[in-house]
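Trainee: Sending over query.tsv (TSV, C-alpha atoms).
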```tsv
chain	number	residue	atom	x	y	z
T	1	MET	CA	-93.67	80.64	-53.91
T	2	SER	CA	-92.49	83.61	-56.00
T	3	GLU	CA	-88.94	84.77	-56.70
T	4	GLY	CA	-86.96	85.81	-53.65
T	5	ILE	CA	-83.88	87.95	-53.24
T	6	LYS	CA	-81.26	85.79	-51.55
T	7	LEU	CA	-77.84	86.48	-50.10
T	8	THR	CA	-75.82	83.87	-51.98
T	9	ALA	CA	-72.20	84.76	-51.18
T	10	SER	CA	-70.12	86.83	-48.78
T	11	ALA	CA	-66.46	87.83	-48.77
T	12	SER	CA	-64.01	90.06	-46.94
T	13	TYR	CA	-60.45	91.35	-47.10
T	14	LEU	CA	-58.14	92.94	-44.54
T	15	PRO	CA	-54.76	94.41	-45.50
T	16	GLU	CA	-51.68	92.49	-44.38
T	17	ARG	CA	-50.23	95.32	-42.28
T	18	VAL	CA	-51.30	94.93	-38.65
T	19	VAL	CA	-50.83	97.98	-36.43
T	20	THR	CA	-50.72	97.48	-32.66
T	21	ASN	CA	-51.60	99.94	-29.93
T	22	ASP	CA	-47.97	99.98	-28.86
T	23	GLU	CA	-46.95	101.09	-32.35
T	24	LEU	CA	-49.42	103.97	-32.27
T	25	SER	CA	-48.17	104.98	-28.83
T	26	GLU	CA	-44.78	105.66	-30.43
T	27	ILE	CA	-46.22	108.46	-32.58
T	28	MET	CA	-48.94	109.89	-30.31
T	29	ASP	CA	-49.63	110.42	-26.63
T	30	THR	CA	-51.47	107.21	-25.78
T	31	THR	CA	-50.89	103.70	-24.43
T	32	ASP	CA	-52.06	100.19	-25.11
T	33	GLU	CA	-53.71	100.14	-21.68
T	34	TRP	CA	-55.69	103.34	-22.37
T	35	ILE	CA	-56.85	102.23	-25.82
T	36	GLN	CA	-57.99	98.81	-24.66
T	37	ALA	CA	-59.71	100.18	-21.56
T	38	HIS	CA	-61.67	102.82	-23.49
T	39	THR	CA	-62.29	101.05	-26.81
T	40	GLY	CA	-61.51	97.34	-26.47
T	41	ILE	CA	-59.35	97.63	-29.60
T	42	LYS	CA	-56.07	95.73	-29.63
T	43	THR	CA	-55.01	95.94	-33.29
T	44	ARG	CA	-56.18	97.27	-36.63
T	45	HIS	CA	-55.13	96.78	-40.28
T	46	TYR	CA	-53.74	99.58	-42.47
T	47	ALA	CA	-53.69	99.60	-46.27
T	48	ILE	CA	-50.12	100.51	-47.18
T	49	ASP	CA	-49.80	101.62	-50.83
T	50	GLU	CA	-53.23	100.09	-51.50
T	51	ASP	CA	-56.29	102.15	-52.30
T	52	SER	CA	-59.99	101.48	-51.79
T	53	SER	CA	-60.65	100.21	-55.31
T	54	GLU	CA	-57.93	97.58	-54.95
T	55	MET	CA	-59.35	96.24	-51.68
T	56	ALA	CA	-62.90	96.26	-53.03
T	57	THR	CA	-61.79	94.46	-56.19
T	58	LYS	CA	-60.35	91.63	-54.11
T	59	VAL	CA	-63.70	91.22	-52.36
T	60	ALA	CA	-65.60	91.33	-55.67
T	61	LEU	CA	-63.43	88.58	-57.15
T	62	LYS	CA	-63.97	86.44	-54.05
T	63	LEU	CA	-67.74	86.87	-54.39
T	64	LEU	CA	-67.68	85.75	-58.02
T	65	LYS	CA	-65.62	82.69	-57.14
T	66	GLU	CA	-67.73	81.70	-54.13
T	67	ALA	CA	-71.01	81.99	-56.05
T	68	ASN	CA	-69.55	80.55	-59.28
T	69	VAL	CA	-70.89	83.54	-61.20
T	70	ASP	CA	-69.43	85.18	-64.29
T	71	ALA	CA	-68.66	88.89	-63.93
T	72	LYS	CA	-70.68	89.64	-67.06
T	73	ASP	CA	-73.80	88.35	-65.28
T	74	ILE	CA	-73.59	91.07	-62.61
T	75	ASP	CA	-76.21	93.78	-63.17
T	76	LEU	CA	-75.32	96.21	-60.39
T	77	ILE	CA	-72.44	97.12	-58.07
T	78	ILE	CA	-73.16	99.39	-55.12
T	79	LEU	CA	-70.07	100.39	-53.17
T	80	SER	CA	-70.38	102.11	-49.81
T	81	THR	CA	-67.40	104.20	-48.73
T	82	ILE	CA	-66.37	107.49	-47.12
T	83	SER	CA	-62.77	107.03	-48.26
T	84	PRO	CA	-62.97	106.58	-52.05
T	85	ASP	CA	-60.02	106.67	-54.41
T	86	ALA	CA	-61.30	110.06	-55.61
T	87	LEU	CA	-64.45	112.15	-55.66
T	88	THR	CA	-64.81	111.10	-59.28
T	89	PRO	CA	-64.77	108.64	-60.95
T	90	SER	CA	-66.60	106.48	-58.46
T	91	THR	CA	-64.64	103.72	-56.80
T	92	ALA	CA	-67.44	101.35	-57.84
T	93	ALA	CA	-66.74	102.17	-61.49
T	94	LEU	CA	-63.10	101.17	-61.03
T	95	VAL	CA	-64.14	97.87	-59.44
T	96	GLN	CA	-66.58	97.24	-62.28
T	97	LYS	CA	-63.75	97.62	-64.79
T	98	ASN	CA	-61.25	95.64	-62.71
T	99	ILE	CA	-63.45	92.53	-62.55
T	100	GLY	CA	-64.79	92.80	-66.12
T	101	ALA	CA	-68.43	93.30	-65.12
T	102	SER	CA	-69.12	94.96	-68.47
T	103	ASN	CA	-72.92	94.64	-68.20
T	104	ALA	CA	-73.18	96.15	-64.72
T	105	PHE	CA	-73.83	99.73	-63.75
T	106	ALA	CA	-71.96	100.83	-60.66
T	107	TYR	CA	-71.92	103.74	-58.25
T	108	ASP	CA	-70.72	104.79	-54.81
T	109	LEU	CA	-73.02	105.32	-51.85
T	110	SER	CA	-72.02	107.60	-48.96
T	111	ALA	CA	-73.76	106.78	-45.69
T	112	ALA	CA	-70.69	106.53	-43.45
T	113	CYS	CA	-70.77	103.62	-41.01
T	114	ALA	CA	-74.34	102.76	-42.03
T	115	GLY	CA	-73.24	102.42	-45.66
T	116	PHE	CA	-73.67	98.66	-45.91
T	117	ILE	CA	-77.18	98.85	-44.45
T	118	PHE	CA	-78.22	101.54	-46.94
T	119	GLY	CA	-76.46	99.73	-49.81
T	120	TYR	CA	-78.13	96.39	-49.09
T	121	SER	CA	-81.55	98.06	-48.91
T	122	THR	CA	-80.99	99.87	-52.21
T	123	ALA	CA	-79.76	96.77	-54.07
T	124	ASP	CA	-82.72	94.77	-52.77
T	125	LYS	CA	-85.11	97.28	-54.38
T	126	PHE	CA	-83.37	97.06	-57.76
T	127	LEU	CA	-83.55	93.27	-57.68
T	128	HIS	CA	-87.27	93.35	-56.87
T	129	SER	CA	-87.79	94.97	-60.25
T	130	ALA	CA	-88.07	92.83	-63.36
T	131	GLN	CA	-84.91	94.21	-64.95
T	132	TYR	CA	-82.11	93.06	-62.61
T	133	ASN	CA	-81.04	89.69	-61.23
T	134	LYS	CA	-77.63	89.94	-59.54
T	135	ALA	CA	-76.11	92.71	-57.44
T	136	MET	CA	-72.94	93.18	-55.44
T	137	VAL	CA	-72.99	95.29	-52.29
T	138	ILE	CA	-69.44	96.05	-51.17
T	139	SER	CA	-68.20	98.25	-48.35
T	140	VAL	CA	-64.62	99.47	-48.42
T	141	GLU	CA	-62.79	101.90	-46.18
T	142	ASN	CA	-59.28	103.28	-46.32
T	143	ASN	CA	-59.69	105.16	-43.06
T	144	SER	CA	-55.97	105.43	-42.35
T	145	LYS	CA	-55.43	107.85	-45.23
T	146	MET	CA	-58.03	110.21	-43.73
T	147	MET	CA	-56.64	110.28	-40.18
T	148	ASP	CA	-54.92	113.12	-38.34
T	149	PHE	CA	-52.36	111.13	-36.36
T	150	LYS	CA	-51.99	114.00	-33.91
T	151	ASP	CA	-55.64	113.46	-32.92
T	152	ARG	CA	-55.43	110.49	-30.57
T	153	THR	CA	-59.17	110.68	-29.83
T	154	SER	CA	-59.89	109.52	-33.40
T	155	ALA	CA	-56.81	107.91	-34.90
T	156	VAL	CA	-56.59	105.03	-32.41
T	157	PHE	CA	-60.05	103.76	-33.38
T	158	PHE	CA	-59.90	103.19	-37.09
T	159	GLY	CA	-58.72	100.48	-39.44
T	160	ASP	CA	-58.99	99.60	-43.13
T	161	GLY	CA	-60.61	96.77	-45.06
T	162	ALA	CA	-63.37	95.67	-47.39
T	163	ALA	CA	-66.28	93.23	-47.28
T	164	GLY	CA	-69.48	92.56	-49.15
T	165	VAL	CA	-72.20	90.26	-50.36
T	166	LEU	CA	-73.76	89.01	-53.57
T	167	LEU	CA	-77.54	89.22	-53.82
T	168	GLU	CA	-79.39	87.19	-56.43
T	169	LYS	CA	-82.95	86.70	-57.57
T	170	GLU	CA	-83.92	83.05	-57.08
T	171	PRO	CA	-87.15	81.31	-58.16
T	172	ASN	CA	-89.29	79.51	-55.59
T	173	SER	CA	-87.57	81.10	-52.62
T	174	SER	CA	-88.24	83.68	-49.94
T	175	ASP	CA	-86.37	86.94	-49.37
T	176	THR	CA	-83.32	87.06	-47.10
T	177	LEU	CA	-84.38	90.59	-46.10
T	178	LEU	CA	-87.35	90.43	-43.73
T	179	ALA	CA	-87.60	94.07	-42.64
T	180	GLU	CA	-85.73	97.36	-42.72
T	181	LYS	CA	-85.77	100.92	-41.40
T	182	MET	CA	-83.48	103.79	-42.41
T	183	CYS	CA	-83.14	107.14	-40.61
T	184	THR	CA	-81.27	110.43	-41.02
T	185	ASP	CA	-80.76	113.27	-38.57
T	186	GLY	CA	-78.66	115.93	-40.27
T	187	ASP	CA	-75.64	116.86	-38.15
T	188	MET	CA	-72.26	117.77	-39.66
T	189	GLY	CA	-70.63	118.73	-36.39
T	190	SER	CA	-70.43	115.38	-34.58
T	191	VAL	CA	-68.57	113.41	-37.27
T	192	ASN	CA	-67.11	114.62	-40.55
T	193	SER	CA	-64.34	113.76	-42.98
T	194	GLY	CA	-62.93	115.22	-46.17
T	195	ARG	CA	-64.51	118.64	-45.77
T	196	ILE	CA	-63.38	121.13	-48.42
T	197	LYS	CA	-63.91	124.84	-47.84
T	198	PRO	CA	-65.72	126.85	-50.50
T	199	LEU	CA	-63.83	129.46	-52.49
T	200	SER	CA	-63.36	132.71	-50.52
T	201	LYS	CA	-61.59	134.70	-53.24
T	202	ILE	CA	-60.26	134.26	-56.76
T	203	SER	CA	-56.53	133.67	-56.52
T	204	SER	CA	-53.79	131.70	-58.25
T	205	GLU	CA	-52.94	130.31	-54.81
T	206	ASN	CA	-56.25	128.47	-54.51
T	207	TYR	CA	-55.95	124.71	-54.28
T	208	PRO	CA	-58.48	122.25	-52.84
T	209	GLN	CA	-57.49	120.65	-49.53
T	210	ALA	CA	-59.55	118.05	-47.69
T	211	LYS	CA	-59.82	118.07	-43.91
T	212	ALA	CA	-58.90	114.97	-41.90
T	213	PHE	CA	-61.48	112.82	-40.14
T	214	TYR	CA	-62.97	114.31	-37.00
T	215	GLN	CA	-65.42	113.02	-34.42
T	216	ASN	CA	-66.82	114.35	-31.17
T	217	GLY	CA	-66.51	111.19	-29.07
T	218	PRO	CA	-68.92	112.11	-26.24
T	219	ALA	CA	-71.57	113.29	-28.73
T	220	VAL	CA	-71.33	110.06	-30.69
T	221	PHE	CA	-71.50	108.00	-27.49
T	222	ASN	CA	-74.67	109.83	-26.41
T	223	PHE	CA	-76.18	109.45	-29.88
T	224	VAL	CA	-75.67	105.68	-29.83
T	225	THR	CA	-76.75	105.06	-26.24
T	226	SER	CA	-79.95	107.04	-26.72
T	227	THR	CA	-81.11	107.46	-30.33
T	228	VAL	CA	-79.65	104.28	-31.83
T	229	ILE	CA	-80.70	101.95	-29.02
T	230	ASP	CA	-84.22	103.45	-29.08
T	231	HIS	CA	-84.28	102.95	-32.86
T	232	MET	CA	-83.32	99.29	-32.48
T	233	LYS	CA	-85.97	98.72	-29.81
T	234	GLU	CA	-88.66	100.36	-31.92
T	235	PHE	CA	-87.57	98.43	-35.03
T	236	MET	CA	-87.89	95.15	-33.16
T	237	LYS	CA	-91.28	96.17	-31.72
T	238	GLN	CA	-92.63	97.16	-35.14
T	239	ASN	CA	-91.71	93.74	-36.48
T	240	ASN	CA	-92.99	91.78	-33.47
T	241	VAL	CA	-89.48	90.56	-32.62
T	242	LYS	CA	-88.56	89.98	-29.00
T	243	PRO	CA	-84.97	89.85	-27.68
T	244	ASP	CA	-85.18	86.06	-27.35
T	245	ASP	CA	-86.16	85.80	-31.04
T	246	ILE	CA	-82.86	87.33	-32.21
T	247	ASP	CA	-80.17	84.74	-32.99
T	248	LEU	CA	-77.40	87.14	-34.04
T	249	VAL	CA	-76.76	90.87	-33.63
T	250	ILE	CA	-74.28	92.63	-35.93
T	251	PRO	CA	-73.99	96.30	-35.01
T	252	HIS	CA	-71.56	98.80	-36.45
T	253	GLN	CA	-68.20	97.97	-34.90
T	254	ALA	CA	-67.65	101.40	-33.36
T	255	ASN	CA	-65.87	100.22	-30.24
T	256	LEU	CA	-66.29	97.36	-27.81
T	257	ARG	CA	-67.67	99.53	-25.01
T	258	LEU	CA	-70.51	100.79	-27.20
T	259	LEU	CA	-71.37	97.24	-28.26
T	260	GLU	CA	-71.62	96.29	-24.60
T	261	LYS	CA	-73.95	99.26	-24.00
T	262	ILE	CA	-76.15	98.18	-26.91
T	263	SER	CA	-76.33	94.65	-25.50
T	264	GLU	CA	-77.43	96.02	-22.14
T	265	GLY	CA	-79.94	98.40	-23.69
T	266	LEU	CA	-81.60	95.71	-25.80
T	267	ASN	CA	-81.44	93.05	-23.08
T	268	ILE	CA	-79.81	90.68	-25.56
T	269	PRO	CA	-76.87	88.61	-24.24
T	270	PHE	CA	-73.50	89.79	-25.53
T	271	GLU	CA	-72.80	86.21	-26.62
T	272	LYS	CA	-75.21	86.81	-29.51
T	273	PHE	CA	-73.16	89.77	-30.77
T	274	ALA	CA	-70.67	89.40	-33.60
T	275	VAL	CA	-67.46	91.25	-32.78
T	276	ASN	CA	-64.39	92.10	-34.84
T	277	VAL	CA	-63.57	95.58	-33.57
T	278	ASP	CA	-61.03	94.15	-31.12
T	279	TYR	CA	-58.65	93.01	-33.86
T	280	ALA	CA	-59.81	95.03	-36.91
T	281	GLY	CA	-60.62	98.34	-35.24
T	282	ASN	CA	-63.47	100.55	-36.34
T	283	THR	CA	-63.65	99.90	-40.08
T	284	SER	CA	-66.63	102.21	-40.64
T	285	SER	CA	-69.11	100.63	-43.07
T	286	VAL	CA	-66.97	97.50	-43.43
T	287	GLY	CA	-67.46	96.23	-39.87
T	288	ILE	CA	-70.96	94.83	-40.45
T	289	PRO	CA	-70.33	92.87	-43.69
T	290	LEU	CA	-66.97	91.72	-42.28
T	291	ALA	CA	-68.74	90.27	-39.25
T	292	LEU	CA	-71.47	88.82	-41.45
T	293	ASP	CA	-68.90	87.06	-43.64
T	294	GLU	CA	-67.09	85.72	-40.57
T	295	GLU	CA	-70.32	84.28	-39.14
T	296	LEU	CA	-71.35	82.68	-42.43
T	297	LYS	CA	-67.88	81.19	-42.94
T	298	LYS	CA	-68.24	79.57	-39.50
T	299	GLY	CA	-71.38	77.86	-40.79
T	300	ASN	CA	-73.71	80.02	-38.70
T	301	LYS	CA	-77.03	80.56	-40.47
T	302	PRO	CA	-79.34	82.29	-38.00
T	303	LYS	CA	-83.07	82.52	-38.61
T	304	LYS	CA	-83.14	86.11	-37.42
T	305	ALA	CA	-80.09	88.38	-37.63
T	306	LEU	CA	-80.34	92.04	-36.64
T	307	LEU	CA	-77.89	94.34	-38.45
T	308	THR	CA	-77.67	97.98	-37.37
T	309	GLY	CA	-75.37	100.67	-38.72
T	310	PHE	CA	-74.91	104.22	-37.46
T	311	GLY	CA	-72.52	107.02	-38.26
T	312	ALA	CA	-71.82	110.43	-39.74
T	313	GLY	CA	-74.77	112.19	-41.20
T	314	LEU	CA	-76.07	111.42	-38.69
T	315	VAL	CA	-77.48	108.32	-40.33
T	316	TYR	CA	-78.62	105.02	-38.90
T	317	GLY	CA	-80.61	102.02	-39.99
T	318	SER	CA	-81.40	98.37	-39.38
T	319	LEU	CA	-82.00	95.21	-41.38
T	320	LEU	CA	-83.64	92.02	-40.20
T	321	LEU	CA	-82.30	89.06	-42.18
T	322	ASP	CA	-83.24	85.41	-42.40
T	323	LEU	CA	-79.95	83.66	-43.13
T	324	SER	CA	-81.19	80.11	-42.57
```
Take the structure I supplied and represent it as structure tokens, if you would.
Mentor:
Amino acid sequence: MSEGIKLTASASYLPERVVTNDELSEIMDTTDEWIQAHTGIKTRHYAIDEDSSEMATKVALKLLKEANVDAKDIDLIILSTISPDALTPSTAALVQKNIGASNAFAYDLSAACAGFIFGYSTADKFLHSAQYNKAMVISVENNSKMMDFKDRTSAVFFGDGAAGVLLEKEPNSSDTLLAEKMCTDGDMGSVNSGRIKPLSKISSENYPQAKAFYQNGPAVFNFVTSTVIDHMKEFMKQNNVKPDDIDLVIPHQANLRLLEKISEGLNIPFEKFAVNVDYAGNTSSVGIPLALDEELKKGNKPKKALLTGFGAGLVYGSLLLDLS
């Protein structure tokens, strides 16, 4: 048996500040009953005076401790986010410095809510080369700082947090990643965040201003219930995987109602779905690795786990993992 790329550690972090639906209803026209009925979300966590690099650093340190690995042995850090500390330097570079991973190269990856899927796939390819042995894939989102709190159709969904995994090359082992498929369908209108208008004239009054997060809820719902579910079905078919073969499904934690629709569409019992959107909200790219860490910490090591992310871009993709 040749060298395999294994998932050897997982970690997650949620900010201490818990925000309830009732609290949001005090600053916008909504209610706890409406939010739960339409999204299944009860609470979410907000990062107060804490930026993305700080949350991601906490996850990175947890990964090092869990795997008993020295930071100087890390070759690569890929950080998926749509809410970085800044456009430059990369948030990944700040994490690299914070943990002392002086031999690692690090960069951010922007694939919205599919960020962890794309990041895992990318890191796996680096590790299959002869040059690299250990990689961190971390997702971090500080969604609250990008919200327009007058837009109840978006603001009630989102929460903050970070989560990730450590991937390592191991001799005489098989790969954790069994199969993958990534897709992109360019569409800026359905979901966007941080848009900055181009210069219209030369003036001393010019100053860059980023737009708040925006999503067209019905368009996203239709995208998931048609395109994404079809993608998942085709992915399973291409890899000769039947619904009964899947032990665990970890989809992007968009909202509980969409997860239920995905369960129905795939004919996979909802009991096999990992869920954290009810208490953590929609944490964008963080939802999948957060759920993965939660399952692994419970001692669950499924033979076949289906992970599917989808979001702004529009981008979507799936991984089939053997976590046994």
Trainee: For segment 61-68 of chain T, list every protein, DNA or RNA residue within 9 Å, evaluated using all atoms listed in the file, and leave out those in the same chain fewer than 6 positions away; present the list as an MDAnalysis selection string.
Mentor: chainID T and resid 8:12 99 136 164:166
Trainee: Write to file, as a JSON list (two decimals), in the frame of the given file, the residues of the selection just made, with C-alpha atoms.
Mentor:
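Saved file out-v2.json follows:
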```
[["chain", "number", "residue", "atom", "x", "y", "z"],
["T", 8, "THR", "CA", -75.82, 83.87, -51.98],
["T", 9, "ALA", "CA", -72.20, 84.76, -51.18],
["T", 10, "SER", "CA", -70.12, 86.83, -48.78],
["T", 11, "ALA", "CA", -66.46, 87.83, -48.77],
["T", 12, "SER", "CA", -64.01, 90.06, -46.94],
["T", 99, "ILE", "CA", -63.45, 92.53, -62.55],
["T", 136, "MET", "CA", -72.94, 93.18, -55.44],
["T", 164, "GLY", "CA", -69.48, 92.56, -49.15],
["T", 165, "VAL", "CA", -72.20, 90.26, -50.36],
["T", 166, "LEU", "CA", -73.76, 89.01, -53.57]]
```
Trainee: Just want the 9 Å neighbourhood of Ala101 of chain T, counted on only C-alpha atoms, with same-chain residues fewer than 6 positions away dropped. Output as JSON, numbers by chain.
Mentor: {"T": [70, 71, 72, 73, 74, 75, 76, 77, 95]}
Trainee: Between segment 175-248 of chain T and segment 302-307 of chain T, at 12 Å or less, what are the per-residue closest atom pairs and their distances in Å? Count all atoms listed in the file, order by chain and rising residue number, and return it as a tab-separated table.
Mentor:
```
residue	atom	partner	partner_atom	distance
T:Thr176	CA	T:Lys303	CA	9.6
T:Leu177	CA	T:Ala305	CA	9.7
T:Leu178	CA	T:Lys304	CA	8.7
T:Ala179	CA	T:Leu306	CA	9.6
T:Glu180	CA	T:Leu307	CA	9.4
T:Lys181	CA	T:Leu307	CA	10.7
T:Met182	CA	T:Leu307	CA	11.7
T:Met232	CA	T:Leu306	CA	8.9
T:Lys233	CA	T:Leu306	CA	11.1
T:Phe235	CA	T:Leu306	CA	9.8
T:Met236	CA	T:Leu306	CA	8.9
T:Asn239	CA	T:Leu306	CA	11.5
T:Val241	CA	T:Lys304	CA	9.1
T:Lys242	CA	T:Lys304	CA	10.7
T:Pro243	CA	T:Leu306	CA	10.3
T:Asp244	CA	T:Lys304	CA	10.3
T:Asp245	CA	T:Lys304	CA	7.1
T:Ile246	CA	T:Lys304	CA	5.4
T:Asp247	CA	T:Lys304	CA	5.5
T:Leu248	CA	T:Ala305	CA	4.7
```
Trainee: Please, what distance in Å, to one decimal, runs between atom CA of Glu264 of chain T and atom CA of Pro218 of chain T?
Mentor: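 Going from atom CA of Glu264 of chain T over to atom CA of Pro218 of chain T, I get 18.7 Å.
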Trainee: Return the single residue from T:Asp85, T:Asp185, T:Glu54, T:Glu205 that is closest to Thr227 of chain T, with distances computed using only C-alpha atoms.
Mentor: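 Using only C-alpha atoms, Thr227 of chain T sits closest to T:Asp185.
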Trainee: Give me, as a list in words, all polymer residues having an atom no more than 7 Å from Lys169 of chain T, counting all atoms listed in the file and skipping those fewer than 3 positions away in the same chain.
Mentor: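 Neighbouring residues, sequence-local ones excluded: Glu3, Gly4, Ile5, Lys6, Leu127, Asn133 and Lys134 of chain T.
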Trainee: Name the residues in contact with segment 24-40 of chain T at a cut-off of 9 Å, using only C-alpha atoms, excluding same-chain residues fewer than 4 positions from it; report them as a ChimeraX atom specification.
Mentor: /T:19-20,149-152,155-157,254-258,277-278,281
Trainee: Would you mind reading off the distance between atom CA of Thr184 of chain T and atom CA of Thr81 of chain T, one decimal, in Å?
Mentor: 17.0 Å
Trainee: Contacts of segment 107-124 of chain T at 7 Å or less, counting only C-alpha atoms, minus same-chain residues fewer than 5 places along, as a VMD selection string?
Mentor: chain T and resid 5 77 to 82 90 to 93 135 137 139 252 284 to 285 309 to 312 315 to 319
Trainee: What gap, in Å, lies between atom CA of Asn276 of chain T and atom CA of Ser174 of chain T?
Mentor: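 Atom CA of Ser174 of chain T lies 29.5 Å from atom CA of Asn276 of chain T.
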Trainee: Between T:Phe126, T:Gly265, T:Thr308, T:Asn282, single out the one closest to Phe105 of chain T, counting all atoms listed in the file.
Mentor: T:Phe126
Trainee: Let me make sure I understand: among T:Ile229, T:Ile262, T:Val249, T:Val59, which one has the smallest atom-to-atom distance to Leu321 of chain T if we use only C-alpha atoms?
Mentor: T:Val249
Trainee: Could you tell me which of T:Cys183, T:Leu199, T:Leu259, T:Leu320 comes closest to Thr225 of chain T if we count only C-alpha atoms?
Mentor: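 So, comparing all the options, the nearest one is T:Leu259.
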